[in-house]
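**Student:** Contents of start_12.txt (compact mmCIF, C-alpha atoms and all ligand atoms) are given next:
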# COMPACT_ATOMS: atom_id res chain seq x y z
CA MET A 1 25.38 17.99 1.85
CA THR A 2 26.59 14.41 2.42
CA ASP A 3 24.74 11.11 2.75
CA LEU A 4 23.32 10.45 6.21
CA THR A 5 22.32 7.39 8.22
CA VAL A 6 19.42 7.88 10.65
CA THR A 7 17.65 5.63 13.11
CA VAL A 8 14.14 4.43 12.31
CA GLU A 9 12.79 6.41 15.28
CA ALA A 10 14.57 9.63 14.26
CA LEU A 11 13.21 9.38 10.72
CA GLN A 12 9.70 8.74 12.07
CA GLN A 13 9.90 11.93 14.18
CA ARG A 14 11.30 13.90 11.25
CA VAL A 15 8.51 12.85 8.89
CA GLU A 16 5.81 13.46 11.51
CA ALA A 17 7.24 16.96 11.99
CA ILE A 18 7.00 17.59 8.23
CA PHE A 19 3.35 16.55 8.23
CA ALA A 20 2.60 18.64 11.34
CA LYS A 21 4.16 21.68 9.65
CA ALA A 22 1.90 21.02 6.65
CA GLY A 23 -1.17 21.17 8.89
CA LEU A 24 -1.97 17.48 9.46
CA ASN A 25 -3.38 16.58 12.85
CA SER A 26 -1.46 14.08 14.98
CA VAL A 27 -3.79 11.15 14.11
CA GLN A 28 -3.18 11.59 10.38
CA ALA A 29 0.50 12.60 10.64
CA GLY A 30 1.39 9.67 12.92
CA ALA A 31 -0.42 7.03 10.85
CA ILE A 32 0.99 8.05 7.47
CA ALA A 33 4.49 8.63 8.84
CA ARG A 34 4.40 5.06 10.23
CA VAL A 35 3.69 3.46 6.83
CA ILE A 36 6.14 5.71 4.96
CA ILE A 37 8.92 4.95 7.44
CA ALA A 38 8.07 1.24 7.33
CA GLY A 39 8.50 1.42 3.53
CA GLU A 40 11.87 3.17 3.81
CA ARG A 41 13.00 0.80 6.59
CA ASP A 42 12.09 -2.29 4.54
CA ALA A 43 13.73 -0.96 1.33
CA CYS A 44 10.42 -0.45 -0.46
CA LYS A 45 11.43 2.83 -2.07
CA SER A 46 8.33 3.14 -4.26
CA HIS A 47 6.25 3.74 -1.09
CA GLY A 48 8.87 5.29 1.20
CA ILE A 49 9.86 8.92 1.79
CA TYR A 50 9.47 9.73 -1.90
CA ARG A 51 5.69 9.70 -1.18
CA ILE A 52 5.89 12.65 1.28
CA GLU A 53 5.79 15.22 -1.50
CA GLY A 54 2.70 13.59 -3.03
CA VAL A 55 0.96 13.70 0.34
CA LEU A 56 1.70 17.42 0.70
CA ARG A 57 0.63 18.08 -2.90
CA THR A 58 -2.69 16.35 -2.22
CA VAL A 59 -3.18 18.39 0.97
CA LYS A 60 -2.34 21.63 -0.85
CA ALA A 61 -4.79 20.78 -3.66
CA GLY A 62 -7.54 20.42 -1.05
CA LYS A 63 -8.23 16.81 -2.09
CA VAL A 64 -7.68 15.27 1.38
CA SER A 65 -8.73 16.50 4.83
CA PRO A 66 -5.53 16.95 6.87
CA ASP A 67 -7.46 17.28 10.13
CA ALA A 68 -9.90 14.39 9.61
CA LEU A 69 -10.82 12.17 12.54
CA PRO A 70 -12.03 8.81 11.21
CA VAL A 71 -15.26 7.42 12.69
CA LEU A 72 -16.29 3.82 13.36
CA VAL A 73 -19.77 3.38 11.87
CA GLU A 74 -21.53 1.07 14.31
CA GLN A 75 -23.09 -2.05 12.73
CA GLU A 76 -23.87 -4.28 15.69
CA ASN A 77 -23.62 -8.06 15.26
CA SER A 78 -22.30 -7.66 11.74
CA ALA A 79 -19.16 -9.25 10.35
CA ILE A 80 -18.64 -5.99 8.49
CA VAL A 81 -16.80 -3.26 10.39
CA ARG A 82 -17.07 0.07 8.59
CA VAL A 83 -14.87 3.11 9.14
CA ASP A 84 -15.68 6.46 7.58
CA ALA A 85 -12.28 8.05 6.97
CA LYS A 86 -13.98 11.47 6.73
CA GLY A 87 -11.86 12.38 3.73
CA GLY A 88 -8.57 11.73 5.56
CA PHE A 89 -5.91 9.14 4.81
CA ALA A 90 -6.74 5.41 4.89
CA ASN A 91 -3.97 4.66 7.38
CA ALA A 92 -5.60 6.44 10.35
CA ALA A 93 -8.93 4.79 9.50
CA PHE A 94 -7.27 1.36 9.43
CA GLU A 95 -5.68 1.92 12.84
CA LEU A 96 -9.10 2.85 14.24
CA GLY A 97 -10.91 -0.16 12.72
CA LEU A 98 -8.32 -2.89 13.45
CA PRO A 99 -9.41 -3.77 17.03
CA ALA A 100 -13.06 -4.27 15.99
CA LEU A 101 -12.01 -6.28 12.92
CA THR A 102 -9.85 -8.52 15.11
CA GLU A 103 -12.54 -9.05 17.70
CA ARG A 104 -15.20 -9.97 15.13
CA ALA A 105 -12.90 -12.25 13.12
CA ARG A 106 -12.04 -14.12 16.31
CA ALA A 107 -15.71 -14.40 17.26
CA SER A 108 -17.10 -15.42 13.85
CA GLY A 109 -14.12 -16.92 12.01
CA LEU A 110 -14.08 -14.14 9.45
CA ALA A 111 -14.80 -10.42 9.31
CA ALA A 112 -14.30 -7.50 6.93
CA LEU A 113 -13.11 -3.97 7.52
CA VAL A 114 -14.51 -1.53 4.98
CA ILE A 115 -12.89 1.90 4.80
CA ASN A 116 -14.83 4.55 2.90
CA ASP A 117 -13.94 8.05 1.68
CA CYS A 118 -10.20 7.82 2.20
CA THR A 119 -7.10 8.95 0.37
CA HIS A 120 -4.77 6.01 -0.20
CA PHE A 121 -1.15 6.16 -1.35
CA SER A 122 0.59 3.44 0.65
CA ALA A 123 1.80 -0.13 0.42
CA LEU A 124 -0.63 -2.70 1.84
CA TRP A 125 1.80 -4.96 3.68
CA PRO A 126 1.89 -2.85 6.89
CA GLU A 127 -1.85 -3.51 7.22
CA VAL A 128 -1.53 -7.21 6.40
CA GLU A 129 1.23 -7.52 9.00
CA ALA A 130 -1.00 -5.79 11.58
CA VAL A 131 -3.69 -8.43 10.91
CA THR A 132 -1.27 -11.37 11.09
CA ALA A 133 0.13 -9.97 14.37
CA GLN A 134 -3.31 -10.79 15.79
CA GLY A 135 -2.96 -14.47 14.76
CA LEU A 136 -5.30 -13.98 11.78
CA ALA A 137 -4.83 -14.39 8.03
CA GLY A 138 -5.49 -11.21 6.07
CA LEU A 139 -6.39 -10.21 2.53
CA VAL A 140 -6.28 -6.52 1.60
CA MET A 141 -7.15 -4.75 -1.66
CA CYS A 142 -8.05 -1.34 -3.06
CA PRO A 143 -8.52 0.36 -6.42
CA SER A 144 -6.30 3.27 -7.47
CA TYR A 145 -6.83 5.53 -10.49
CA ALA A 146 -7.28 4.49 -14.13
CA THR A 147 -3.73 3.94 -15.40
CA VAL A 148 -3.81 0.30 -16.58
CA ALA A 149 -5.27 -0.99 -19.87
CA PRO A 150 -7.26 -4.23 -19.55
CA THR A 151 -5.69 -7.06 -21.55
CA GLY A 152 -6.82 -6.69 -25.16
CA GLY A 153 -7.57 -2.99 -24.61
CA ASN A 154 -5.34 0.04 -25.21
CA LYS A 155 -6.46 2.82 -22.86
CA PRO A 156 -6.11 3.34 -19.09
CA LEU A 157 -9.16 1.96 -17.27
CA LEU A 158 -8.20 -0.23 -14.30
CA GLY A 159 -6.00 0.96 -11.44
CA THR A 160 -2.68 -0.58 -10.43
CA ASN A 161 -4.97 -2.15 -7.78
CA PRO A 162 -2.73 -3.73 -5.12
CA LEU A 163 -3.53 -7.07 -3.50
CA ALA A 164 -1.82 -8.29 -0.34
CA PHE A 165 -2.14 -11.47 1.70
CA GLY A 166 -0.66 -12.54 5.01
CA TRP A 167 -0.55 -15.77 7.02
CA PRO A 168 0.64 -15.70 10.67
CA ARG A 169 3.57 -17.94 11.60
CA PRO A 170 3.85 -18.85 15.28
CA ASN A 171 7.65 -18.68 15.41
CA GLY A 172 8.62 -16.08 12.91
CA SER A 173 7.71 -13.29 10.55
CA PRO A 174 4.44 -13.86 8.69
CA TYR A 175 4.15 -15.11 5.13
CA VAL A 176 3.19 -11.92 3.26
CA PHE A 177 2.93 -10.98 -0.37
CA ASP A 178 1.87 -7.58 -1.63
CA PHE A 179 1.85 -6.49 -5.25
CA ALA A 180 0.21 -4.28 -7.82
CA THR A 181 -1.99 -6.15 -10.30
CA SER A 182 -0.21 -4.16 -13.03
CA VAL A 183 3.23 -5.42 -14.11
CA ALA A 184 4.70 -3.02 -11.53
CA ALA A 185 3.49 -0.28 -9.23
CA ARG A 186 3.16 3.14 -10.83
CA GLY A 187 5.54 4.46 -8.18
CA GLU A 188 8.15 2.06 -9.56
CA MET A 189 7.67 3.54 -13.05
CA GLU A 190 7.99 7.06 -11.62
CA LEU A 191 11.34 6.07 -10.04
CA TYR A 192 12.58 4.92 -13.49
CA ARG A 193 11.50 8.29 -14.94
CA ARG A 194 13.34 10.21 -12.21
CA ALA A 195 16.48 8.10 -12.72
CA GLY A 196 16.31 8.68 -16.52
CA LYS A 197 16.27 4.91 -17.11
CA PRO A 198 14.22 2.98 -19.72
CA LEU A 199 11.46 0.70 -18.43
CA PRO A 200 11.77 -3.07 -18.79
CA ASP A 201 9.96 -4.47 -21.85
CA GLY A 202 6.33 -5.36 -21.37
CA TRP A 203 5.47 -2.80 -18.70
CA ALA A 204 3.59 -0.21 -20.71
CA ILE A 205 2.08 1.11 -23.93
CA ASP A 206 2.13 4.68 -25.24
CA ALA A 207 -0.87 6.91 -25.96
CA ASP A 208 -1.30 5.17 -29.36
CA GLY A 209 -1.38 1.74 -27.73
CA ASP A 210 2.11 0.74 -28.97
CA PRO A 211 4.66 -0.88 -26.62
CA THR A 212 7.09 1.60 -25.07
CA THR A 213 10.03 1.58 -22.66
CA ASP A 214 10.07 5.39 -22.33
CA PRO A 215 8.71 6.25 -18.84
CA GLN A 216 7.39 9.63 -20.04
CA GLU A 217 5.48 8.03 -22.94
CA ALA A 218 4.26 5.30 -20.61
CA LEU A 219 2.95 7.81 -18.09
CA ALA A 220 0.98 9.41 -20.93
CA GLY A 221 -0.18 5.96 -22.14
CA ALA A 222 -1.08 3.00 -19.97
CA MET A 223 0.56 0.33 -17.86
CA LEU A 224 -0.19 -3.35 -18.54
CA PRO A 225 -1.68 -5.89 -16.13
CA PHE A 226 0.66 -8.58 -14.73
CA GLY A 227 0.17 -12.05 -16.20
CA GLY A 228 -1.97 -10.86 -19.12
CA HIS A 229 -5.68 -11.76 -18.84
CA LYS A 230 -5.16 -13.18 -15.32
CA GLY A 231 -3.92 -9.91 -13.81
CA SER A 232 -6.56 -8.04 -15.82
CA ALA A 233 -9.31 -10.18 -14.23
CA ILE A 234 -7.89 -9.82 -10.69
CA GLY A 235 -7.63 -6.05 -11.17
CA THR A 236 -11.28 -6.05 -12.28
CA MET A 237 -12.29 -8.13 -9.23
CA ILE A 238 -10.69 -5.46 -7.01
CA GLU A 239 -12.72 -2.73 -8.75
CA LEU A 240 -15.85 -4.81 -8.00
CA LEU A 241 -15.12 -5.80 -4.38
CA ALA A 242 -13.20 -2.79 -3.07
CA GLY A 243 -14.95 -0.18 -5.22
CA ILE A 244 -18.49 -1.00 -6.32
CA MET A 245 -19.39 -3.52 -3.58
CA ILE A 246 -18.38 -1.19 -0.74
CA GLY A 247 -20.16 1.77 -2.32
CA ASP A 248 -17.01 3.66 -3.15
CA LEU A 249 -15.20 4.94 -6.25
CA THR A 250 -13.74 2.75 -9.00
CA SER A 251 -10.41 3.69 -10.60
CA PRO A 252 -11.96 5.51 -13.60
CA GLU A 253 -14.23 7.43 -11.21
CA VAL A 254 -11.22 8.37 -9.07
CA LEU A 255 -9.45 9.80 -12.11
CA ASP A 256 -12.58 11.75 -13.09
CA TYR A 257 -12.75 13.15 -9.54
CA LEU A 258 -9.06 14.12 -9.31
CA GLY A 259 -8.41 14.96 -12.97
CA THR A 260 -4.75 13.97 -12.50
CA THR A 261 -2.49 11.16 -11.33
CA THR A 262 -0.14 13.59 -9.60
CA LEU A 263 -2.28 13.56 -6.44
CA ALA A 264 -2.91 10.59 -4.14
CA PRO A 265 -6.13 8.79 -5.13
CA ARG A 266 -9.32 8.91 -3.09
CA HIS A 267 -11.47 5.77 -2.87
CA GLY A 268 -12.22 2.94 -0.41
CA GLU A 269 -10.37 -0.11 0.86
CA LEU A 270 -11.36 -3.66 1.83
CA ILE A 271 -9.57 -5.69 4.51
CA LEU A 272 -10.63 -9.29 5.16
CA ALA A 273 -9.51 -11.19 8.26
CA PHE A 274 -9.81 -14.99 8.69
CA SER A 275 -9.21 -17.14 11.75
CA PRO A 276 -7.38 -20.29 10.51
CA LYS A 277 -8.21 -22.03 13.81
CA ALA A 278 -11.95 -21.42 13.31
CA PHE A 279 -11.92 -22.54 9.65
CA ALA A 280 -9.99 -25.72 10.45
CA ALA A 281 -12.02 -26.61 13.57
CA GLY A 282 -13.18 -30.22 13.58
CA ARG A 283 -10.73 -31.23 10.86
CA SER A 284 -7.52 -33.12 11.44
CA GLY A 285 -4.21 -31.28 11.67
CA ASP A 286 -3.19 -27.93 13.05
CA PRO A 287 -3.42 -25.31 10.25
CA PHE A 288 -0.33 -23.44 11.44
CA ALA A 289 1.80 -26.61 11.61
CA ARG A 290 0.57 -27.70 8.15
CA ALA A 291 1.39 -24.25 6.74
CA GLU A 292 4.96 -24.59 8.05
CA LEU A 293 5.36 -27.84 6.10
CA LEU A 294 4.27 -26.03 2.93
CA PHE A 295 6.70 -23.13 3.52
CA GLU A 296 9.53 -25.58 4.25
CA ALA A 297 8.81 -27.40 0.98
CA ILE A 298 8.90 -24.12 -0.98
CA VAL A 299 12.17 -23.04 0.58
CA GLY A 300 13.48 -26.61 0.25
CA GLN A 301 13.38 -26.20 -3.55
CA GLY A 302 15.63 -23.16 -3.35
CA ALA A 303 12.77 -20.68 -3.77
CA ARG A 304 12.42 -17.72 -1.42
CA LEU A 305 9.27 -16.70 0.37
CA PRO A 306 7.79 -13.29 -0.50
CA SER A 307 8.76 -10.57 2.02
CA GLU A 308 12.08 -12.26 2.87
CA ARG A 309 13.95 -9.47 1.09
CA ARG A 310 11.92 -6.94 3.08
CA TYR A 311 12.51 -8.65 6.42
CA ALA A 312 16.27 -8.77 5.73
CA ALA A 313 16.25 -5.05 4.89
CA ARG A 314 14.28 -4.37 8.08
CA SER A 315 16.81 -6.19 10.28
CA LYS A 316 19.61 -4.19 8.67
CA SER A 317 17.81 -0.85 9.11
CA VAL A 318 16.95 -1.57 12.74
CA ALA A 319 20.56 -2.58 13.49
CA ASN A 320 22.44 0.00 11.41
CA GLY A 321 19.95 2.76 10.67
CA ILE A 322 18.46 3.89 7.36
CA ALA A 323 20.85 5.34 4.79
CA LEU A 324 19.56 8.47 3.04
CA THR A 325 21.19 10.11 0.03
CA ALA A 326 22.26 13.76 0.16
CA ALA A 327 19.36 14.61 -2.19
CA GLU A 328 16.87 12.91 0.12
CA VAL A 329 18.23 14.74 3.18
CA GLU A 330 18.04 18.05 1.31
CA GLN A 331 14.44 17.33 0.32
CA LEU A 332 13.46 16.49 3.92
CA ASP A 333 15.11 19.73 5.13
CA ARG A 334 13.23 21.74 2.50
CA LEU A 335 9.86 20.16 3.28
CA GLU A 336 10.33 20.63 7.03
CA ALA A 337 11.35 24.27 6.63
CA LEU A 338 8.74 25.32 4.08
CA GLY A 339 5.78 22.98 4.65
CA LEU A 340 3.15 23.38 1.93
CA ASP A 341 5.10 26.35 0.49
CA ALA A 342 7.68 23.82 -0.73
CA ILE A 343 5.08 22.48 -3.17
CA ALA A 344 4.82 24.27 -6.50
P1 LIG B 401 6.97 -6.17 -6.33
O1 LIG B 401 6.86 -6.76 -7.67
O2 LIG B 401 8.17 -5.38 -6.01
O3 LIG B 401 6.85 -7.29 -5.18
C1 LIG B 401 5.72 -8.05 -5.04
C2 LIG B 401 5.79 -9.10 -3.97
O4 LIG B 401 6.49 -10.22 -4.49
C3 LIG B 401 6.50 -8.72 -2.67
O5 LIG B 401 5.80 -9.30 -1.61
C4 LIG B 401 7.89 -9.32 -2.88
O6 LIG B 401 8.56 -9.62 -1.67
C5 LIG B 401 7.57 -10.59 -3.62
N1 LIG B 401 8.66 -11.08 -4.44
C6 LIG B 401 9.41 -10.37 -5.32
N2 LIG B 401 10.32 -11.19 -5.90
C7 LIG B 401 10.13 -12.43 -5.37
C8 LIG B 401 10.76 -13.70 -5.57
N3 LIG B 401 11.75 -13.84 -6.42
N4 LIG B 401 10.30 -14.74 -4.85
C9 LIG B 401 9.28 -14.60 -3.97
N5 LIG B 401 8.65 -13.42 -3.75
C10 LIG B 401 9.07 -12.36 -4.44
O7 LIG B 401 5.66 -5.28 -6.03
P2 LIG B 401 4.90 -4.20 -6.91
O8 LIG B 401 5.85 -3.31 -7.62
O9 LIG B 401 3.86 -4.85 -7.71
O10 LIG B 401 4.20 -3.36 -5.71
C11 LIG B 401 5.01 -2.64 -4.80
C12 LIG B 401 4.16 -1.99 -3.74
O11 LIG B 401 3.32 -1.01 -4.31
C13 LIG B 401 3.24 -2.93 -2.95
O12 LIG B 401 3.58 -2.80 -1.59
C14 LIG B 401 1.83 -2.38 -3.20
O13 LIG B 401 0.95 -2.43 -2.09
C15 LIG B 401 2.12 -0.96 -3.57
N6 LIG B 401 1.04 -0.41 -4.39
C16 LIG B 401 0.13 0.42 -3.80
C17 LIG B 401 -0.90 0.94 -4.54
C18 LIG B 401 -1.95 1.78 -3.92
O14 LIG B 401 -2.89 2.17 -4.61
N7 LIG B 401 -1.90 2.09 -2.67
C19 LIG B 401 -1.03 0.64 -5.98
C20 LIG B 401 -0.05 -0.29 -6.47
C21 LIG B 401 0.96 -0.77 -5.70
P3 LIG B 401 9.82 -8.68 -1.21
O15 LIG B 401 9.22 -7.36 -0.84
O16 LIG B 401 10.44 -9.41 -0.06
O17 LIG B 401 10.73 -8.59 -2.40
O1 LIG B 402 2.40 2.84 -7.07
O2 LIG B 402 0.74 2.30 -8.41
C1 LIG B 402 1.20 2.89 -7.42
C2 LIG B 402 0.29 3.66 -6.57
C3 LIG B 402 -0.90 4.19 -6.92
C4 LIG B 402 -1.40 4.80 -5.78
C5 LIG B 402 -0.50 4.62 -4.78
N1 LIG B 402 0.53 3.89 -5.26
Show me the file's structure as structure tokens.

**Tutor:**
Amino acid sequence: MTDLTVTVEALQQRVEAIFAKAGLNSVQAGAIARVIIAGERDACKSHGIYRIEGVLRTVKAGKVSPDALPVLVEQENSAIVRVDAKGGFANAAFELGLPALTERARASGLAALVINDCTHFSALWPEVEAVTAQGLAGLVMCPSYATVAPTGGNKPLLGTNPLAFGWPRPNGSPYVFDFATSVAARGEMELYRRAGKPLPDGWAIDADGDPTTDPQEALAGAMLPFGGHKGSAIGTMIELLAGIMIGDLTSPEVLDYLGTTTLAPRHGELILAFSPKAFAAGRSGDPFARAELLFEAIVGQGARLPSERRYAARSKSVANGIALTAAEVEQLDRLEALGLDAIA
């Protein structure tokens, strides 16, 4: 088997076919294939096709409903739009809730989309970009499972709890950042383990609470928050807002429910949308023009904006296709042929 370059569309169809073979309905299969392919296309390997196996493992373990149809829970005149994912993946629930979120954020200046009872394995930037595409700023967060020790502690408690933000730019790609509140995403650590490489210093502690660069020891121990007490506090805020406040599971509760970190976690998600025009109304200056001045000043110092690497990778993938290794092609073939039987 040799390396292969495929178009974005061909890879989307391939991954959807794998999910269909595994018993996912078209709503679930389409939505999760879209975020996985977006990850591969934008060179975000920790949330690209490597996640397919985890999705199938979670389906096979019976911890996600492959045929779920998410439902919009009507709350008239509320700034809170709620979608019950019905035990399916968060991505289909997000696609269902986005139009109502957009409409209410435009009407009131701000609105929230709450997703409950979902399985969540993906990067957050596809959702932030979907919000910015509507001319709105977006803030997205969710818990995960307990794998991160709070600063000063030595046992897993918080999740890797991602936080993403986006600001629409009238003449270009949005300003978007998206990161784990741990030093790195757990998926990143798993890729080090698979490659047999040591972790960078400062990422993790072992089961005794001592610093380690061994991915295997780190997986049995805990990851560390980014930025010490600051990341620890932001990770805790995400447990409060996107777990407890929305009546859903916190990261320790997710781990109790699943009993493992080898399956995709089940919890809730919080998406906030803001209308910059509405917030700035009556004040001098256009918020979008002022934002451009800020971005120009950042770039003017030689710094790069977050997501620039991703946008460059996207342009390349769209123009030249996505390059897959022979091992990746073999894995896709196996999963498409065997479906859930490919999972031990
Ligand atoms: P990274 O540290 O790889 O990147 C974080 C962000 O910082 C990106 O927006 C990146 O932009 C930007 N960035 C990186 N370097 C620079 C730089 N030098 N200057 C300016 N910006 C920069 O992310 P993580 O490993 O923390 O997270 C990876 C992914 O994992 C995220 O998409 C996150 O949503 C996901 N995740 C999902 C979880 C879940 O439960 N669903 C849990 C944890 C993480 P760019 O991409 O352009 O480099
Ligand atoms: O990479 O930390 C991670 C992660 C956890 C759940 C989904 N992604």

**Student:** Pick out the closest residue to Val81 of chain A from this set: A:Thr102, A:Gln301, A:Thr160, A:Thr132. Count only C-alpha atoms.

**Tutor:**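 Closest to Val81 of chain A, using only C-alpha atoms: A:Thr102.
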
**Student:** Would you mind listing what lies within 10 Å of Pro211 of chain A as number ranges by chain, with all atoms listed in the file counted and same-chain residues fewer than 5 positions away left out?

**Tutor:** A: 201-206, 217-218, 221-224

**Student:** Any chance you could export the current selection's C-alpha atoms as a short mmCIF file (atom, residue, chain, number, x, y, z; two decimals), in the frame of the given file?

**Tutor:**
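Below you can see selection.cif, which holds the result:
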data_model
loop_
_atom_site.label_atom_id
_atom_site.label_comp_id
_atom_site.auth_asym_id
_atom_site.auth_seq_id
_atom_site.Cartn_x
_atom_site.Cartn_y
_atom_site.Cartn_z
CA ASP A 201 9.96 -4.47 -21.85
CA GLY A 202 6.33 -5.36 -21.37
CA TRP A 203 5.47 -2.80 -18.70
CA ALA A 204 3.59 -0.21 -20.71
CA ILE A 205 2.08 1.11 -23.93
CA ASP A 206 2.13 4.68 -25.24
CA GLU A 217 5.48 8.03 -22.94
CA ALA A 218 4.26 5.30 -20.61
CA GLY A 221 -0.18 5.96 -22.14
CA ALA A 222 -1.08 3.00 -19.97
CA MET A 223 0.56 0.33 -17.86
CA LEU A 224 -0.19 -3.35 -18.54
#

**Student:** To one decimal in Å, tell me the separation between atom CA of Val318 of chain A and atom CA of Val6 of chain A.

**Tutor:**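 Between atom CA of Val318 of chain A and atom CA of Val6 of chain A the gap is 10.0 Å.
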
**Student:** Go through A:Ile52, A:Val299, A:Ala137, A:Ile271 and flag the residue nearest ligand LIG 402 (chain B), using all atoms listed in the file for the distances.

**Tutor:**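 Closest to ligand LIG 402 (chain B), using all atoms listed in the file: A:Ile52.
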
**Student:** Using only C-alpha atoms and all ligand atoms, which protein or nucleic acid residues are at most 7 Å from ligand LIG 401 (chain B), as a PyMOL selection string?

**Tutor:** chain A and resi 46-47+120-125+142-144+160-164+176-186+188+303-311

**Student:** Nearest to Pro276 of chain A: which of A:Ala17, A:Met141, A:Leu136, A:Leu96 is it, counting all atoms listed in the file?

**Tutor:**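 Using all atoms listed in the file, Pro276 of chain A sits closest to A:Leu136.
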
**Student:** At most 9 Å from (0.7, -14.0, 7.1), file frame, all atoms listed in the file: which residues, as a PyMOL selection string?

**Tutor:** chain A and resi 128-129+131-133+135-138+165-169+173-177

**Student:** Nearest to Gly39 of chain A among A:Ala146, A:Leu113, A:Pro252, A:Ile322, with distances taken over all atoms listed in the file: which residue is it?

**Tutor:** A:Ile322

**Student:** What gap, in Å, lies between atom CA of Glu190 of chain A and atom CA of Gln13 of chain A?

**Tutor:**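 Spanning atom CA of Glu190 of chain A to atom CA of Gln13 of chain A is a straight-line distance of 26.3 Å.
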
**Student:** Selecting all heavy atoms, how would segment 18-23 of chain A from this structure be written as a PDB file, in the first residue's frame?

**Tutor:**
ATOM      1  N   ILE A  18     -18.045   4.864   6.091  1.00  0.00           N
ATOM      2  CA  ILE A  18     -17.588   4.077   7.250  1.00  0.00           C
ATOM      3  C   ILE A  18     -18.617   4.175   8.379  1.00  0.00           C
ATOM      4  O   ILE A  18     -18.996   3.169   8.996  1.00  0.00           O
ATOM      5  CB  ILE A  18     -16.192   4.564   7.731  1.00  0.00           C
ATOM      6  CG1 ILE A  18     -15.132   4.205   6.690  1.00  0.00           C
ATOM      7  CG2 ILE A  18     -15.852   3.989   9.103  1.00  0.00           C
ATOM      8  CD1 ILE A  18     -13.761   4.801   6.952  1.00  0.00           C
ATOM      9  N   PHE A  19     -19.101   5.384   8.623  1.00  0.00           N
ATOM     10  CA  PHE A  19     -20.064   5.550   9.716  1.00  0.00           C
ATOM     11  C   PHE A  19     -21.412   4.883   9.373  1.00  0.00           C
ATOM     12  O   PHE A  19     -22.063   4.322  10.252  1.00  0.00           O
ATOM     13  CB  PHE A  19     -20.251   7.030  10.053  1.00  0.00           C
ATOM     14  CG  PHE A  19     -19.033   7.636  10.720  1.00  0.00           C
ATOM     15  CD1 PHE A  19     -18.605   8.925  10.419  1.00  0.00           C
ATOM     16  CD2 PHE A  19     -18.317   6.903  11.658  1.00  0.00           C
ATOM     17  CE1 PHE A  19     -17.484   9.465  11.038  1.00  0.00           C
ATOM     18  CE2 PHE A  19     -17.184   7.438  12.274  1.00  0.00           C
ATOM     19  CZ  PHE A  19     -16.774   8.717  11.968  1.00  0.00           C
ATOM     20  N   ALA A  20     -21.804   4.933   8.105  1.00  0.00           N
ATOM     21  CA  ALA A  20     -23.054   4.275   7.713  1.00  0.00           C
ATOM     22  C   ALA A  20     -22.925   2.770   7.930  1.00  0.00           C
ATOM     23  O   ALA A  20     -23.829   2.114   8.457  1.00  0.00           O
ATOM     24  CB  ALA A  20     -23.385   4.596   6.259  1.00  0.00           C
ATOM     25  N   LYS A  21     -21.783   2.216   7.541  1.00  0.00           N
ATOM     26  CA  LYS A  21     -21.548   0.778   7.720  1.00  0.00           C
ATOM     27  C   LYS A  21     -21.621   0.393   9.208  1.00  0.00           C
ATOM     28  O   LYS A  21     -22.055  -0.701   9.563  1.00  0.00           O
ATOM     29  CB  LYS A  21     -20.165   0.446   7.139  1.00  0.00           C
ATOM     30  CG  LYS A  21     -19.612  -0.901   7.477  1.00  0.00           C
ATOM     31  CD  LYS A  21     -20.014  -1.942   6.464  1.00  0.00           C
ATOM     32  CE  LYS A  21     -19.462  -3.312   6.824  1.00  0.00           C
ATOM     33  NZ  LYS A  21     -19.861  -4.346   5.918  1.00  0.00           N
ATOM     34  N   ALA A  22     -21.196   1.333  10.056  1.00  0.00           N
ATOM     35  CA  ALA A  22     -21.203   1.065  11.507  1.00  0.00           C
ATOM     36  C   ALA A  22     -22.575   1.315  12.127  1.00  0.00           C
ATOM     37  O   ALA A  22     -22.734   1.208  13.341  1.00  0.00           O
ATOM     38  CB  ALA A  22     -20.140   1.928  12.187  1.00  0.00           C
ATOM     39  N   GLY A  23     -23.562   1.680  11.305  1.00  0.00           N
ATOM     40  CA  GLY A  23     -24.932   1.786  11.818  1.00  0.00           C
ATOM     41  C   GLY A  23     -25.373   3.186  12.202  1.00  0.00           C
ATOM     42  O   GLY A  23     -26.441   3.357  12.806  1.00  0.00           O
TER      43      GLY A  23
END
